[in-house]
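Take a look at the structure set out below.
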Amino acid sequence: MLKFAFTAIALCLLVPGVEAGQLAKPTGQVILAVSGTITNFNADGVAEFDLAMLDALQQRTTVTETPWYDGQQSFSGPVISDLLAMLGSTGDSVTVTALNEYSSMIPMSDVQDNPVILATRRNGDVMSVRDKGPLFVIYPFDLDPGLYNEVYFGRSVWQVKSVQVE
């Protein structure tokens, strides 16, 4: 928990415009809305992000095989726990919802114990809606083969539009 608090403080210092209760407003198309138990937001109780805002966060690259693509793929994007820390979130889980309204509840322990990313890119290219974008929850299958199973595949939501912290 102490690591989580330090990460939140560090991210607030690194991302311009982030103060308690305030986050810079997106200037491009909003591709993610985070709501629920958060303390930093830029709309009516919601933190909205465009691609540039997500790109400004520290990125992680996961190179792994998945059941959705042939061969190893490179996914990159912000680590979900870092994003949640920056927003001052508290809760036991996050519900991730896709453009088609599919949703999956992810225990907070998943994102705190593993560098799960909200991928914005696959093989260096921005992910389009046609190719499971604009955002795709990617578990670190490369680091822990025990995550490569149906439970975590079901939590790996693609075409993500929102995250609700509960």
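The chains in the structure tokens are called A, B, ... from first to last as shown; in each chain the residues are counted from 1, and the ligands are counted from 1 in the order shown.
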
Q.
Using only C-alpha atoms, which protein or nucleic acid residues come within 10 Å of region 51-62 of chain A? Drop anything in the same chain fewer than 6 positions from it, and give the result as a PyMOL selection string.
A. chain A and resi 11+14-16+24-32+72-79+82-83+86+115-124+126+134-135+138-143

Next, the residues of the selection above should be written as a PDB file, in the first residue's frame with C-alpha atoms.
ATOM      1  CA  LEU A  11       2.635  10.665 -10.831  1.00  0.00           C
ATOM      2  CA  LEU A  14       5.124  14.326 -13.098  1.00  0.00           C
ATOM      3  CA  VAL A  15       1.864  14.915 -14.966  1.00  0.00           C
ATOM      4  CA  PRO A  16       1.189  18.613 -15.608  1.00  0.00           C
ATOM      5  CA  ALA A  24      -6.032  18.636 -17.194  1.00  0.00           C
ATOM      6  CA  LYS A  25      -8.848  18.446 -19.719  1.00  0.00           C
ATOM      7  CA  PRO A  26      -8.368  16.425 -22.896  1.00  0.00           C
ATOM      8  CA  THR A  27      -7.817  18.420 -26.071  1.00  0.00           C
ATOM      9  CA  GLY A  28      -8.406  15.488 -28.413  1.00  0.00           C
ATOM     10  CA  GLN A  29     -11.104  12.854 -28.713  1.00  0.00           C
ATOM     11  CA  VAL A  30     -11.918  11.289 -25.341  1.00  0.00           C
ATOM     12  CA  ILE A  31     -11.113   7.567 -25.468  1.00  0.00           C
ATOM     13  CA  LEU A  32     -11.337   6.715 -21.754  1.00  0.00           C
ATOM     14  CA  GLN A  72       4.271 -12.836 -30.192  1.00  0.00           C
ATOM     15  CA  GLN A  73       2.930  -9.305 -30.191  1.00  0.00           C
ATOM     16  CA  SER A  74       4.225  -6.137 -28.558  1.00  0.00           C
ATOM     17  CA  PHE A  75       1.638  -4.158 -26.577  1.00  0.00           C
ATOM     18  CA  SER A  76       2.372  -0.828 -24.906  1.00  0.00           C
ATOM     19  CA  GLY A  77       0.479   1.598 -22.748  1.00  0.00           C
ATOM     20  CA  PRO A  78       0.205   2.889 -19.200  1.00  0.00           C
ATOM     21  CA  VAL A  79       0.181   0.502 -16.257  1.00  0.00           C
ATOM     22  CA  ASP A  82      -0.177   3.885 -12.052  1.00  0.00           C
ATOM     23  CA  LEU A  83      -3.204   5.446 -13.734  1.00  0.00           C
ATOM     24  CA  MET A  86      -2.619   9.231 -10.224  1.00  0.00           C
ATOM     25  CA  PRO A 115       1.893  -4.690 -14.329  1.00  0.00           C
ATOM     26  CA  VAL A 116      -1.413  -4.943 -16.217  1.00  0.00           C
ATOM     27  CA  ILE A 117      -1.476  -2.335 -18.968  1.00  0.00           C
ATOM     28  CA  LEU A 118      -4.135  -0.430 -20.811  1.00  0.00           C
ATOM     29  CA  ALA A 119      -2.584  -0.959 -24.233  1.00  0.00           C
ATOM     30  CA  THR A 120      -2.854   1.912 -26.686  1.00  0.00           C
ATOM     31  CA  ARG A 121      -0.516   0.320 -29.226  1.00  0.00           C
ATOM     32  CA  ARG A 122       0.184  -3.078 -30.763  1.00  0.00           C
ATOM     33  CA  ASN A 123       3.521  -3.566 -32.488  1.00  0.00           C
ATOM     34  CA  GLY A 124       4.086   0.188 -32.276  1.00  0.00           C
ATOM     35  CA  VAL A 126      -2.063   2.944 -32.359  1.00  0.00           C
ATOM     36  CA  PRO A 134      -8.565   2.109 -28.810  1.00  0.00           C
ATOM     37  CA  LEU A 135      -7.623   0.454 -25.497  1.00  0.00           C
ATOM     38  CA  ILE A 138      -3.274  -6.717 -21.396  1.00  0.00           C
ATOM     39  CA  TYR A 139      -2.023  -8.895 -18.544  1.00  0.00           C
ATOM     40  CA  PRO A 140       1.715  -9.605 -18.285  1.00  0.00           C
ATOM     41  CA  PHE A 141       1.470 -13.108 -19.735  1.00  0.00           C
ATOM     42  CA  ASP A 142       5.183 -12.698 -20.549  1.00  0.00           C
ATOM     43  CA  LEU A 143       6.091 -12.473 -16.846  1.00  0.00           C
TER      44      LEU A 143
END

Going by DSSP on the backbone, which bits of region 4-127 of chain A are alpha helix (DSSP H)? Write them as a short mmCIF file (atom, residue, chain, number, x, y, z; two decimals) with C-alpha atoms, in the first residue's frame, please.
data_model
loop_
_atom_site.label_atom_id
_atom_site.label_comp_id
_atom_site.auth_asym_id
_atom_site.auth_seq_id
_atom_site.Cartn_x
_atom_site.Cartn_y
_atom_site.Cartn_z
CA PHE A 4 0.84 2.65 -4.14
CA ALA A 5 0.83 5.96 -2.19
CA PHE A 6 4.34 6.90 -3.36
CA THR A 7 3.39 6.10 -6.95
CA ALA A 8 0.33 8.35 -6.66
CA ILE A 9 2.42 11.25 -5.33
CA ALA A 10 5.12 10.79 -7.96
CA LEU A 11 2.63 10.67 -10.83
CA CYS A 12 0.85 13.79 -9.60
CA LEU A 13 4.17 15.60 -9.64
CA LEU A 14 5.12 14.33 -13.10
CA LEU A 51 -4.64 9.46 -26.38
CA ALA A 52 -2.07 12.21 -25.76
CA MET A 53 -2.87 12.24 -22.04
CA LEU A 54 -2.45 8.46 -21.80
CA ASP A 55 0.77 8.69 -23.82
CA ILE A 80 -3.34 0.51 -14.85
CA SER A 81 -2.17 0.73 -11.22
CA ASP A 82 -0.18 3.88 -12.05
CA LEU A 83 -3.20 5.45 -13.73
CA LEU A 84 -5.41 4.63 -10.75
CA ALA A 85 -2.81 5.96 -8.31
CA MET A 86 -2.62 9.23 -10.22
CA MET A 108 -7.73 -4.52 -7.49
CA SER A 109 -5.18 -7.15 -6.43
CA ASP A 110 -4.73 -8.09 -10.11
CA VAL A 111 -3.58 -4.59 -11.04
CA GLN A 112 -1.61 -3.99 -7.85
CA ASP A 113 0.27 -7.30 -8.01
#

Q.
List as a PyMOL selection string the protein and nucleic acid residues near Gly36 (chain A), meaning an atom at most 9 Å away when only C-alpha atoms are counted, but skip any in the same chain fewer than 2 places from it.
A. chain A and resi 34+38+45-46+89-91+94+163-166

Q. Leaving out region 153-157 of chain A and any residue of its chain fewer than 3 positions from it, which residues lie within 6 Å of it when counting only C-alpha atoms, given as a ChimeraX atom specification?
A. /A:104,136-138,150

Q. Taking the backbone alone, and naming residues the way the document does, which bits of region 15-121 of chain A are strand (DSSP E) by DSSP, as an MDAnalysis selection string?
A. chainID A and resid 30:36 47:50 59:66 69:78 93:98 103:107 117:119 121
